[in-house]
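J.: Below is model_12.cif; it holds mmCIF, C-alpha atoms.
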data_upload
loop_
_atom_site.label_atom_id
_atom_site.label_comp_id
_atom_site.auth_asym_id
_atom_site.auth_seq_id
_atom_site.Cartn_x
_atom_site.Cartn_y
_atom_site.Cartn_z
CA MET A 15 195.84 120.38 72.82
CA GLY A 16 193.01 121.12 75.25
CA ILE A 17 190.97 124.11 74.09
CA ARG A 18 193.38 124.76 71.25
CA GLN A 19 191.54 122.74 68.67
CA ILE A 20 191.38 123.31 64.94
CA ALA A 21 188.82 121.96 62.54
CA SER A 22 191.63 120.04 60.91
CA ALA A 23 193.53 118.66 63.89
CA ALA A 24 195.53 116.17 61.85
CA ALA A 25 196.71 118.88 59.48
CA LEU A 26 197.71 121.12 62.36
CA ALA A 27 199.67 118.33 64.01
CA LEU A 28 201.50 117.58 60.78
CA LEU A 29 202.34 121.23 60.17
CA ALA A 30 203.44 121.69 63.75
CA VAL A 31 205.80 118.72 63.53
CA THR A 32 207.17 120.10 60.27
CA ALA A 33 207.67 123.47 61.93
CA ALA A 34 209.30 122.17 65.08
CA GLY A 35 212.77 122.36 63.55
CA CYS A 36 212.32 126.06 62.84
CA GLY A 37 212.93 127.09 66.42
CA GLY A 38 210.78 129.33 68.57
CA GLY A 39 210.81 132.83 69.89
CA GLY A 40 209.50 132.35 73.40
CA SER A 41 207.16 134.85 75.03
CA SER A 42 207.94 137.39 77.70
CA ALA A 43 207.15 134.76 80.36
CA GLY A 44 205.35 137.24 82.53
CA ASN A 45 207.93 140.01 82.48
CA PRO A 46 205.86 143.22 82.48
CA LYS A 47 208.74 145.18 80.96
CA GLU A 48 209.37 142.93 77.97
CA LEU A 49 207.52 141.68 74.89
CA VAL A 50 208.42 139.25 72.12
CA TYR A 51 207.17 140.34 68.70
CA TRP A 52 207.13 138.22 65.54
CA ALA A 53 206.86 140.42 62.45
CA SER A 54 206.13 139.14 58.95
CA ASN A 55 208.47 140.07 56.10
CA GLN A 56 207.00 143.18 54.44
CA GLY A 57 210.08 144.75 52.88
CA THR A 58 212.71 143.65 50.40
CA SER A 59 214.56 141.57 53.00
CA LEU A 60 214.48 140.68 56.68
CA ASP A 61 217.16 143.30 57.28
CA HIS A 62 215.03 145.92 55.53
CA ASP A 63 212.17 145.11 57.92
CA ARG A 64 214.43 145.42 60.92
CA ARG A 65 215.59 148.85 59.72
CA VAL A 66 211.97 149.96 59.40
CA LEU A 67 210.73 148.48 62.67
CA GLU A 68 213.54 149.01 65.15
CA PRO A 69 213.13 152.82 65.38
CA ARG A 70 209.36 152.35 65.95
CA LEU A 71 209.98 149.77 68.67
CA ALA A 72 212.55 152.03 70.31
CA GLU A 73 209.92 154.78 70.43
CA PHE A 74 207.48 152.38 72.10
CA THR A 75 210.13 151.57 74.70
CA ARG A 76 210.73 155.27 75.33
CA GLN A 77 207.01 155.84 75.85
CA THR A 78 206.26 152.78 78.00
CA GLY A 79 209.51 151.40 79.40
CA ILE A 80 208.66 148.04 77.78
CA LYS A 81 211.43 146.49 75.69
CA VAL A 82 210.47 144.59 72.54
CA LYS A 83 212.44 141.59 71.29
CA LEU A 84 211.90 141.54 67.52
CA GLU A 85 212.10 138.58 65.17
CA VAL A 86 211.25 139.07 61.49
CA ILE A 87 210.08 135.84 59.85
CA GLY A 88 209.91 135.13 56.12
CA TRP A 89 206.69 133.97 54.51
CA PRO A 90 207.87 130.43 53.68
CA ASP A 91 208.27 129.78 57.43
CA LEU A 92 205.70 132.03 59.08
CA LEU A 93 202.56 129.88 59.10
CA ASN A 94 204.40 126.78 60.29
CA ARG A 95 206.07 128.77 63.05
CA ILE A 96 202.71 130.13 64.21
CA LEU A 97 201.02 126.72 64.10
CA ALA A 98 203.86 125.18 66.08
CA ALA A 99 203.53 127.95 68.67
CA THR A 100 199.79 127.33 69.06
CA THR A 101 200.50 123.80 70.25
CA SER A 102 203.81 124.25 72.10
CA GLY A 103 202.98 127.34 74.14
CA GLU A 104 206.35 128.76 73.05
CA GLY A 105 205.00 131.57 70.94
CA PRO A 106 205.56 135.32 71.08
CA ASP A 107 203.39 137.83 72.90
CA VAL A 108 202.39 139.71 69.75
CA LEU A 109 202.65 138.62 66.13
CA ASN A 110 201.71 139.48 62.56
CA ILE A 111 199.39 137.19 60.66
CA GLY A 112 198.33 137.33 57.05
CA ASN A 113 194.69 138.36 57.26
CA THR A 114 193.66 135.41 55.08
CA TRP A 115 194.68 133.10 57.95
CA SER A 116 192.42 134.80 60.47
CA ALA A 117 189.62 132.21 60.57
CA SER A 118 192.09 129.30 60.55
CA LEU A 119 194.10 130.64 63.47
CA GLN A 120 190.95 131.77 65.26
CA ALA A 121 189.82 128.13 65.28
CA THR A 122 192.89 127.09 67.28
CA GLY A 123 191.78 129.16 70.28
CA ALA A 124 195.38 130.30 70.66
CA LEU A 125 194.84 133.98 69.89
CA LEU A 126 193.25 136.59 72.13
CA PRO A 127 189.73 137.52 70.95
CA PHE A 128 189.28 141.25 70.39
CA ASP A 129 185.82 141.59 71.87
CA ASP A 130 184.33 145.06 72.35
CA ALA A 131 186.05 145.54 75.69
CA THR A 132 189.44 144.54 74.30
CA LEU A 133 188.97 146.67 71.19
CA ALA A 134 188.21 149.62 73.46
CA LYS A 135 191.67 149.20 75.01
CA VAL A 136 193.29 149.74 71.62
CA GLY A 137 191.13 152.71 70.65
CA GLY A 138 187.84 151.12 69.58
CA LYS A 139 186.67 149.46 66.37
CA ASP A 140 185.39 152.68 64.79
CA ARG A 141 188.97 153.82 64.13
CA PHE A 142 189.54 151.00 61.64
CA LEU A 143 188.52 150.74 57.99
CA GLY A 144 185.53 148.46 57.55
CA PRO A 145 186.93 146.15 54.81
CA CYS A 146 190.14 145.62 56.81
CA LEU A 147 188.34 144.92 60.08
CA ALA A 148 186.07 142.44 58.25
CA ALA A 149 189.13 140.29 57.43
CA THR A 150 189.97 139.52 61.06
CA GLY A 151 188.05 136.30 61.66
CA ALA A 152 184.90 134.33 61.03
CA GLU A 153 181.63 136.22 60.74
CA GLY A 154 179.69 136.44 63.99
CA LYS A 155 182.73 135.97 66.22
CA PRO A 156 184.97 138.57 67.90
CA PRO A 157 187.97 139.44 65.71
CA THR A 158 191.07 137.36 66.29
CA ALA A 159 193.32 140.36 65.56
CA VAL A 160 193.24 143.99 64.44
CA PRO A 161 194.35 145.30 61.02
CA LEU A 162 197.92 146.64 60.83
CA TYR A 163 198.78 147.06 57.12
CA GLY A 164 196.12 147.38 54.42
CA GLN A 165 196.78 145.85 51.04
CA ALA A 166 195.23 145.30 47.65
CA TYR A 167 196.68 143.92 44.45
CA GLY A 168 197.52 146.05 41.44
CA LEU A 169 199.50 145.88 38.22
CA TYR A 170 202.80 147.74 38.48
CA TYR A 171 204.47 148.66 35.20
CA ASN A 172 207.64 150.33 34.00
CA LYS A 173 206.55 153.56 32.29
CA LYS A 174 209.92 153.98 30.57
CA LEU A 175 209.60 150.63 28.80
CA PHE A 176 206.01 151.42 27.84
CA ARG A 177 207.03 154.81 26.39
CA GLU A 178 209.89 153.32 24.39
CA ALA A 179 207.50 150.76 22.89
CA GLY A 180 204.88 153.41 22.09
CA ILE A 181 202.37 151.93 24.54
CA GLU A 182 200.22 154.74 25.91
CA LYS A 183 198.34 153.07 28.76
CA PRO A 184 198.42 149.93 30.90
CA PRO A 185 196.25 146.94 29.99
CA ALA A 186 192.66 146.87 31.23
CA THR A 187 191.80 143.36 30.00
CA TRP A 188 193.64 140.05 29.98
CA SER A 189 193.97 139.99 26.20
CA GLU A 190 195.55 143.46 26.37
CA LEU A 191 197.96 142.25 29.07
CA VAL A 192 199.06 139.32 26.90
CA ASP A 193 199.41 141.53 23.82
CA ILE A 194 201.46 144.17 25.64
CA GLY A 195 203.50 141.47 27.34
CA LYS A 196 204.43 139.99 23.95
CA ARG A 197 205.34 143.40 22.54
CA LEU A 198 207.68 144.04 25.47
CA THR A 199 209.29 140.58 25.61
CA ARG A 200 212.66 140.38 23.92
CA PRO A 201 216.09 138.90 24.71
CA GLY A 202 217.03 139.93 28.23
CA ARG A 203 213.57 141.28 29.05
CA TRP A 204 210.17 139.77 29.80
CA GLY A 205 206.72 141.24 29.60
CA LEU A 206 205.80 140.14 33.11
CA THR A 207 207.55 138.86 36.22
CA LEU A 208 205.87 136.44 38.66
CA GLN A 209 206.69 134.99 42.07
CA ALA A 210 205.88 131.58 40.65
CA GLY A 211 207.80 129.71 43.33
CA GLN A 212 205.97 131.32 46.26
CA VAL A 213 203.08 129.25 47.60
CA THR A 214 201.01 132.09 49.07
CA GLU A 215 201.32 134.33 46.00
CA ASN A 216 200.19 131.52 43.73
CA ALA A 217 197.15 130.87 45.92
CA HIS A 218 196.27 134.57 45.97
CA HIS A 219 196.23 134.76 42.19
CA ALA A 220 194.22 131.54 42.01
CA ALA A 221 191.61 133.22 44.21
CA ILE A 222 191.53 136.47 42.21
CA LEU A 223 191.31 134.78 38.81
CA GLY A 224 189.02 132.13 40.26
CA ALA A 225 186.54 134.86 41.18
CA GLN A 226 186.72 136.29 37.66
CA HIS A 227 185.95 132.82 36.27
CA GLY A 228 183.11 132.22 38.75
CA ALA A 229 184.85 129.67 40.97
CA ARG A 230 183.72 128.99 44.54
CA PHE A 231 186.36 127.13 46.50
CA PHE A 232 184.12 126.14 49.42
CA ASP A 233 180.47 125.19 49.84
CA GLY A 234 180.06 126.25 53.45
CA THR A 235 183.14 124.56 54.87
CA LYS A 236 183.22 121.75 52.29
CA PRO A 237 186.15 122.17 49.88
CA THR A 238 185.09 122.38 46.21
CA LEU A 239 188.37 123.22 44.54
CA ALA A 240 188.16 120.82 41.58
CA SER A 241 185.78 122.81 39.37
CA ASP A 242 186.10 123.78 35.72
CA PRO A 243 186.10 127.52 36.58
CA ALA A 244 188.97 127.04 39.05
CA ALA A 245 190.98 124.91 36.62
CA ASN A 246 190.43 127.46 33.83
CA ALA A 247 191.51 130.30 36.10
CA ILE A 248 194.73 128.58 37.13
CA LYS A 249 195.49 127.60 33.52
CA GLN A 250 195.11 131.25 32.50
CA TYR A 251 197.76 132.16 35.07
CA LEU A 252 200.13 129.29 34.17
CA ASP A 253 199.77 130.08 30.47
CA LEU A 254 201.46 133.43 30.95
CA MET A 255 204.64 131.34 31.11
CA GLN A 256 203.56 128.19 29.27
CA VAL A 257 201.67 129.42 26.20
CA HIS A 258 202.20 133.17 25.84
CA LYS A 259 205.84 133.01 26.97
CA ILE A 260 205.86 136.49 28.46
CA VAL A 261 207.23 135.21 31.81
CA ASN A 262 210.78 133.97 32.32
CA PRO A 263 210.75 130.22 33.12
CA GLY A 264 213.32 131.08 35.77
CA ASN A 265 210.50 132.74 37.72
CA ALA A 266 209.47 129.23 38.76
CA GLU A 267 212.24 129.56 41.34
CA TYR A 268 211.21 133.04 42.57
CA THR A 269 210.18 132.61 46.20
CA ASP A 270 210.50 136.19 47.41
CA THR A 271 209.15 139.51 46.28
CA ALA A 272 212.49 141.29 46.03
CA LYS A 273 213.55 139.50 42.84
CA SER A 274 210.44 140.58 40.95
CA LEU A 275 210.70 144.12 42.32
CA LYS A 276 214.29 144.25 41.09
CA ASP A 277 213.35 142.85 37.67
CA LEU A 278 210.94 145.74 37.14
CA ALA A 279 213.37 148.33 38.54
CA ASP A 280 216.22 147.13 36.31
CA GLY A 281 214.10 146.83 33.17
CA ARG A 282 214.35 143.02 32.99
CA ALA A 283 210.55 142.87 33.16
CA ALA A 284 207.86 145.37 32.22
CA MET A 285 204.97 144.42 34.53
CA PHE A 286 204.40 142.85 37.95
CA MET A 287 201.14 142.02 39.75
CA ASN A 288 201.68 142.70 43.44
CA GLN A 289 200.26 144.22 46.59
CA ALA A 290 200.90 147.90 47.29
CA SER A 291 204.68 148.16 47.59
CA ALA A 292 205.95 151.55 46.38
CA GLY A 293 208.29 151.83 49.37
CA SER A 294 209.88 148.48 48.54
CA PHE A 295 210.35 149.49 44.90
CA GLN A 296 212.17 152.59 46.06
CA ALA A 297 214.39 150.44 48.30
CA VAL A 298 215.60 148.36 45.32
CA GLY A 299 216.50 151.42 43.25
CA MET A 300 213.40 151.94 41.12
CA LYS A 301 213.19 155.38 39.54
CA MET A 302 209.85 156.33 41.01
CA GLU A 303 208.91 158.59 38.10
CA ASP A 304 209.03 155.45 35.91
CA LEU A 305 206.74 153.40 38.17
CA GLY A 306 203.11 153.22 37.17
CA VAL A 307 200.26 151.26 38.73
CA ALA A 308 196.81 150.23 37.52
CA PRO A 309 194.19 147.72 38.61
CA ILE A 310 194.83 144.09 37.65
CA PRO A 311 193.02 143.47 34.34
CA MET A 312 189.51 142.07 34.13
CA PRO A 313 188.30 139.48 31.60
CA ASP A 314 187.41 140.68 28.10
CA ARG A 315 184.12 138.87 28.66
CA PHE A 316 183.09 137.43 32.01
CA PRO A 317 182.21 133.73 31.95
CA PRO A 318 178.97 132.59 33.63
CA GLY A 319 179.14 133.41 37.33
CA GLY A 320 182.26 135.55 36.92
CA ARG A 321 182.65 138.32 39.46
CA LYS A 322 184.14 141.79 39.05
CA VAL A 323 187.13 141.10 41.30
CA ASN A 324 190.80 142.00 40.78
CA SER A 325 192.11 141.66 44.32
CA PHE A 326 191.21 140.13 47.59
CA VAL A 327 190.92 142.13 50.81
CA ALA A 328 194.60 141.77 51.53
CA GLY A 329 196.63 142.90 54.48
CA ILE A 330 198.44 142.08 57.68
CA ASN A 331 196.80 141.79 61.07
CA LEU A 332 198.28 142.20 64.53
CA ALA A 333 197.39 139.44 67.00
CA VAL A 334 198.13 138.64 70.64
CA PHE A 335 198.66 135.14 72.00
CA ALA A 336 195.96 134.38 74.57
CA ASP A 337 198.47 132.93 77.03
CA THR A 338 200.87 135.89 76.94
CA GLY A 339 202.34 136.64 80.31
CA ASN A 340 202.09 140.36 79.58
CA ARG A 341 198.60 141.00 78.20
CA ASP A 342 198.54 144.62 79.37
CA GLY A 343 201.85 145.38 77.65
CA ALA A 344 200.79 143.49 74.51
CA LEU A 345 197.62 145.57 74.19
CA LYS A 346 199.62 148.78 74.74
CA PHE A 347 201.85 147.65 71.87
CA VAL A 348 198.85 146.98 69.62
CA ARG A 349 197.47 150.43 70.39
CA PHE A 350 200.86 152.00 69.67
CA MET A 351 201.31 150.21 66.32
CA THR A 352 197.81 151.19 65.19
CA SER A 353 198.09 154.80 66.35
CA THR A 354 197.76 157.40 63.62
CA GLU A 355 201.41 158.44 63.92
CA GLN A 356 202.76 154.90 63.60
CA GLN A 357 200.31 153.97 60.85
CA VAL A 358 201.57 156.88 58.78
CA ALA A 359 205.23 156.04 59.41
CA LEU A 360 204.96 152.28 58.84
CA ASN A 361 202.75 152.38 55.77
CA LYS A 362 204.85 155.13 54.22
CA ALA A 363 207.91 152.94 54.66
CA TYR A 364 206.31 149.90 53.04
CA GLY A 365 204.06 151.60 50.51
CA SER A 366 201.05 149.80 52.00
CA LEU A 367 197.75 151.33 53.10
CA PRO A 368 196.82 152.50 56.61
CA THR A 369 194.09 150.55 58.35
CA VAL A 370 192.93 153.47 60.51
CA LYS A 371 190.88 156.27 59.00
CA ASP A 372 192.76 159.26 60.44
CA ALA A 373 196.04 158.30 58.75
CA TYR A 374 194.63 159.05 55.28
CA ALA A 375 194.87 162.77 55.98
CA ASP A 376 198.63 162.46 55.44
CA PRO A 377 199.70 163.57 51.92
CA ALA A 378 201.52 160.27 51.40
CA PHE A 379 198.15 158.58 50.97
CA GLN A 380 196.70 161.14 48.60
CA THR A 381 198.95 160.13 45.70
CA GLU A 382 197.80 158.61 42.42
CA HIS A 383 199.29 155.24 43.41
CA ALA A 384 197.61 155.17 46.82
CA LYS A 385 194.26 156.11 45.33
CA VAL A 386 194.40 153.21 42.84
CA PHE A 387 194.81 150.73 45.68
CA GLN A 388 192.21 152.46 47.85
CA GLN A 389 189.67 152.19 45.03
CA VAL A 390 190.46 148.52 44.45
CA LEU A 391 190.26 147.71 48.15
CA SER A 392 186.92 149.44 48.57
CA GLY A 393 185.29 148.48 45.26
CA THR A 394 186.61 145.35 43.52
CA ALA A 395 188.25 143.30 46.29
CA GLU A 396 186.73 140.10 47.68
CA PRO A 397 187.75 138.43 50.97
CA MET A 398 189.48 135.08 50.82
CA PRO A 399 187.29 132.22 52.10
CA GLN A 400 186.60 132.88 55.79
CA VAL A 401 186.73 129.22 56.81
CA PRO A 402 188.98 127.35 59.26
CA GLN A 403 190.61 125.46 56.36
CA GLU A 404 191.70 128.66 54.59
CA SER A 405 195.38 128.29 55.46
CA GLN A 406 195.35 124.66 54.25
CA PHE A 407 193.60 125.84 51.08
CA GLU A 408 196.41 128.33 50.38
CA THR A 409 199.06 125.72 51.06
CA ALA A 410 197.44 123.01 48.92
CA VAL A 411 196.58 125.20 45.92
CA GLY A 412 199.73 127.31 46.07
CA THR A 413 201.99 124.26 46.33
CA ALA A 414 200.23 122.57 43.40
CA MET A 415 200.74 125.69 41.29
CA LYS A 416 204.38 125.96 42.33
CA THR A 417 204.91 122.35 41.18
CA MET A 418 203.11 122.98 37.88
CA PHE A 419 205.21 126.09 37.20
CA ALA A 420 208.32 123.98 37.81
CA ASP A 421 207.01 121.37 35.36
CA ILE A 422 206.43 124.08 32.74
CA ALA A 423 209.91 125.50 33.29
CA ALA A 424 211.27 121.98 32.72
CA GLY A 425 209.50 121.80 29.35
CA GLN A 426 206.42 119.79 30.32
CA THR A 427 202.87 120.66 29.29
CA VAL A 428 200.23 121.31 31.94
CA ASP A 429 196.68 121.14 30.56
CA ALA A 430 193.31 121.83 32.19
CA ALA A 431 192.73 118.13 32.94
CA THR A 432 196.04 117.96 34.81
CA ILE A 433 195.16 121.06 36.79
CA LYS A 434 191.73 119.71 37.69
CA GLY A 435 193.34 116.45 38.82
CA ARG A 436 195.71 118.36 41.11
CA LEU A 437 192.77 120.30 42.51
CA ALA A 438 190.88 117.06 43.14
CA GLN A 439 193.86 115.82 45.15
CA ALA A 440 193.77 119.08 47.12
CA ASP A 441 190.04 118.60 47.77
CA GLN A 442 190.74 115.16 49.20
CA GLN A 443 193.61 116.55 51.25
CA LEU A 444 191.44 119.26 52.81
CA ALA A 445 188.47 116.94 53.35
CA ALA A 446 190.72 114.46 55.14
CA GLY A 447 192.09 117.18 57.38
CA GLY A 448 195.44 117.71 55.74
#
For this file, write the structure as structure tokens.
T.:
Amino acid sequence: MGIRQIASAAALALLAVTAAGCGGGGSSAGNPKELVYWASNQGTSLDHDRRVLEPRLAEFTRQTGIKVKLEVIGWPDLLNRILAATTSGEGPDVLNIGNTWSASLQATGALLPFDDATLAKVGGKDRFLGPCLAATGAEGKPPTAVPLYGQAYGLYYNKKLFREAGIEKPPATWSELVDIGKRLTRPGRWGLTLQAGQVTENAHHAAILGAQHGARFFDGTKPTLASDPAANAIKQYLDLMQVHKIVNPGNAEYTDTAKSLKDLADGRAAMFMNQASAGSFQAVGMKMEDLGVAPIPMPDRFPPGGRKVNSFVAGINLAVFADTGNRDGALKFVRFMTSTEQQVALNKAYGSLPTVKDAYADPAFQTEHAKVFQQVLSGTAEPMPQVPQESQFETAVGTAMKTMFADIAAGQTVDAATIKGRLAQADQQLAAGG
């Protein structure tokens, strides 16, 4: 692999082999009038993303004469595709990465560092929001990308269902969430919908609840997943389905966001914990006057070491492959996508948050919904672990949770000892490099 090393070389090799069957995009191969762009799935479907992005890309072509070949990639495949590209040299010119993967992908050496000179070519670092720019790589190193879409987690709820049940406000604590969830669960409707089959979503909620319980998943770069606080946090999340029965067991098979969005829109569920996604709700037919949002609840009483966290610093970054044959065009594209005009258009379409300061002057980001997420992002959000093993952490923890949800849906019991045992296996997996 030459300079493209990762702290966990064995894990990278395994993931790359797994990903090899997924195909590759291929870069522009030095053509100054062409770029290949891999975009992560932000909307309700891959087609929805293409409908959002293609007009923006056409505008870039009109301005620069550079054509953009777009491929939208779903989350179950995205990380493996990127890891395969870091070793094969068959990657795109520009790509989206989940910002939690920044340190992991930075360690491969495959992505172009955004040092001060490179940042100046895309408008300078002062344009970007501080929390978003902080989630672009390991501390003390040049960013491995720039922020594209800002995100934080919140609790969406169906106001109509709340009104009909005489519930005046959304839950602020976990006991209130469970109580309201039980009041709203009845045949054909559930108090809460979860993407329990999606690896990354499970890991994100493990991190958020883990912080509330006082968990620390790494000591430096040493994995320390198998702690009582972490096991208790994950059990709290699993028990929404297992003990409190306010989540449909069928959610164990939910691997994409659209199903949960649709459940809330159609009244089959009353609440959904998700990143900012008002635009996607609108796309699935939600009556927007019935859509409310509040911060994810906090504990009724914080356990020792618990932190006031109800999101992580979420979002999507825009990266450039270091070996692109069209670096100048790639940086023009990054500047275009992070321009104020495009930030307004793109984040309006997805219901996410701009990552550049000037875009917040637009009325779309002065709404009650947008302000909830802005406050969470700036005040009660904590970055995911900024370590090279972060992507393996998400995969190991998220996969374990997916399996445990499937066990619960099949009628099995998952207790804290079982969870801690699964986390111990994940610790060993990460420590061994896979």
J.: Would you work out the distance separating CA of Leu92 in chain A from CA of Tyr171 in chain A, expressed in Å to one decimal?
T.: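 A separation of 29.1 Å between them.
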J.: Taking the file as shown, what set of residues would the PyMOL selection byres ((chain A and resi 157) around 7) give back, as a PyMOL selection string?
T.: chain A and resi 127-129+150-151+155-156+158-159
J.: Using only C-alpha atoms, please write the residues we just selected to a file, as a short mmCIF file (atom, residue, chain, number, x, y, z; two decimals), in the frame of the given file.
T.:
data_model
loop_
_atom_site.label_atom_id
_atom_site.label_comp_id
_atom_site.auth_asym_id
_atom_site.auth_seq_id
_atom_site.Cartn_x
_atom_site.Cartn_y
_atom_site.Cartn_z
CA PRO A 127 189.73 137.52 70.95
CA PHE A 128 189.28 141.25 70.39
CA ASP A 129 185.82 141.59 71.87
CA THR A 150 189.97 139.52 61.06
CA GLY A 151 188.05 136.30 61.66
CA LYS A 155 182.73 135.97 66.22
CA PRO A 156 184.97 138.57 67.90
CA THR A 158 191.07 137.36 66.29
CA ALA A 159 193.32 140.36 65.56
#
J.: Between CA of Ala438 in chain A and CA of Trp115 in chain A, what distance in Å does the model show, to one decimal?
T.: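 Straight-line distance from CA of Ala438 in chain A to CA of Trp115 in chain A works out to 22.2 Å.
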J.: Can you tell me, as a list of chain:residue names, what residues are no more than 10 Å from Ser116 in chain A when counting only C-alpha atoms, ignoring any on the same chain fewer than 5 positions away?
T.: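 That gives A:Ile111, A:Ala121, A:Leu125, A:Ala149, A:Thr150, A:Gly151, A:Ala152, A:Pro157, A:Thr158, A:Ala159, A:Ile330, A:Asn331, A:Ala333, A:Gln400, A:Val401, A:Pro402, A:Glu404, A:Ser405.
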J.: Tell me which protein, DNA and RNA residues are within 9 Å of Cys146 in chain A, counting all atoms listed in the file, leaving out same-chain ones fewer than 2 positions away, and put them as JSON, numbers by chain.
T.: {"A": [113, 142, 143, 144, 148, 149, 150, 160, 161, 162, 163, 164, 165, 327, 328, 329, 331, 369, 391]}
J.: Going by the chain IDs and residue numbers used in this file, which residues fall under the PyMOL selection byres ((chain A and resi 349-358) around 10)? Write them as a ChimeraX atom specification.
T.: /A:70-71,73-74,77-78,133-138,141-142,160-163,332,343-348,359-363,366-379
J.: Might I get the box with edges along x, y and z of the file that holds all atoms of range 217-226 of chain A listed there, padded by 3 Å on every side, given as centre and edge lengths in Å to one decimal, as AutoDock Vina command-line options?
T.:
--center_x 191.8 --center_y 133.7 --center_z 41.8 --size_x 16.6 --size_y 11.6 --size_z 14.3
J.: Work out how far CA of His219 in chain A is from CA of Ala308 in chain A, in Å to one decimal.
T.: 16.2 Å
J.: Which residues are near Lys174 in chain A? Cut-off 12 Å, all atoms listed in the file, ignore same chain within fewer than 6 positions. Put them as a list in words.
T.: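 What passes the distance filter is Gly180, Ile181, Glu182, Lys183, Leu198, Leu278, Ala279, Asp280, Gly281, Ala283, Ala284, Met285, Met300, Lys301, Met302, Glu303, Asp304, Leu305 and Gly306 of chain A.
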J.: Residues at most 6 Å from range 202-204 of chain A, counting only C-alpha atoms, excluding those fewer than 4 positions away in the same chain, as a ChimeraX atom specification?
T.: /A:260-261,282-283
J.: I'd like the contact shell of Asn324 in chain A - 8 Å cut-off, all atoms listed in the file, skipping same-chain residues fewer than 4 positions apart - returned as an NGL selection string.
T.: :A and (167-168 or 222-223 or 226 or 309-312 or 390 or 394-395)
J.: Any chance you could export the current selection's C-alpha atoms as a CSV table (one decimal), in the frame of the given file?
T.:
chain,number,residue,atom,x,y,z
A,167,TYR,CA,196.7,143.9,44.4
A,168,GLY,CA,197.5,146.0,41.4
A,222,ILE,CA,191.5,136.5,42.2
A,223,LEU,CA,191.3,134.8,38.8
A,226,GLN,CA,186.7,136.3,37.7
A,309,PRO,CA,194.2,147.7,38.6
A,310,ILE,CA,194.8,144.1,37.6
A,311,PRO,CA,193.0,143.5,34.3
A,312,MET,CA,189.5,142.1,34.1
A,390,VAL,CA,190.5,148.5,44.4
A,394,THR,CA,186.6,145.4,43.5
A,395,ALA,CA,188.2,143.3,46.3
J.: For each of A:Ala266, A:Gly205, A:His227, A:Glu48, take the minimum atom-to-atom distance to Lys83 in chain A, counting all atoms listed in the file, then give the residue where this is smallest.
T.: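 When distances to Lys83 in chain A are compared using all atoms listed in the file, the smallest one comes from A:Glu48.
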J.: What does the PyMOL selection byres ((chain A and resi 270) around 9) select in this file, as a list in words?
T.: Thr58, Ser59, Gly88, Trp89, Pro90, Gln209, Gly211, Gln212, Tyr268, Thr269, Thr271, Ala272, Lys273 and Ser274 of chain A
J.: Select all residues near (206.6, 137.8, 71.4) (cut-off 9 Å, inclusive, file coordinates), counting all atoms listed in the file, and output them as a PyMOL selection string.
T.: chain A and resi 39-42+48-52+82-85+105-109+334-335+338+344
J.: Determine the nearest neighbour of Phe419 in chain A from the options A:Ala297, A:Met255, A:Leu437, A:Ala247, counting all atoms listed in the file.
T.: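 Of the candidates, the smallest distance to Phe419 in chain A is held by A:Met255.
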J.: Select, from A:Val411, A:Ala166, A:Ala221, A:Val428, the residue with the minimum atom-to-atom distance to Gly365 in chain A, counting only C-alpha atoms.
T.: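 Among A:Val411, A:Ala166, A:Ala221, A:Val428, it is A:Ala166 that comes nearest to Gly365 in chain A.
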J.: Which of these, A:Met415, A:Ala423, A:Leu60, A:Leu239, has the shortest distance to Gln256 in chain A once you count only C-alpha atoms?
T.: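 Closest candidate: A:Ala423.
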J.: Nearest to Phe295 in chain A among A:Ser102, A:Leu126, A:Ala220, A:Asn172, with distances taken over all atoms listed in the file: which residue is it?
T.: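 Ranking A:Ser102, A:Leu126, A:Ala220, A:Asn172 by distance to Phe295 in chain A, first place goes to A:Asn172.
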J.: Restricting the calculation to all atoms listed in the file: of A:Pro243, A:Gly234, A:Gly264, A:Gly228, which residue gets closest to Pro399 in chain A?
T.: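 Between A:Pro243, A:Gly234, A:Gly264, A:Gly228, the residue approaching Pro399 in chain A most closely is A:Gly234.
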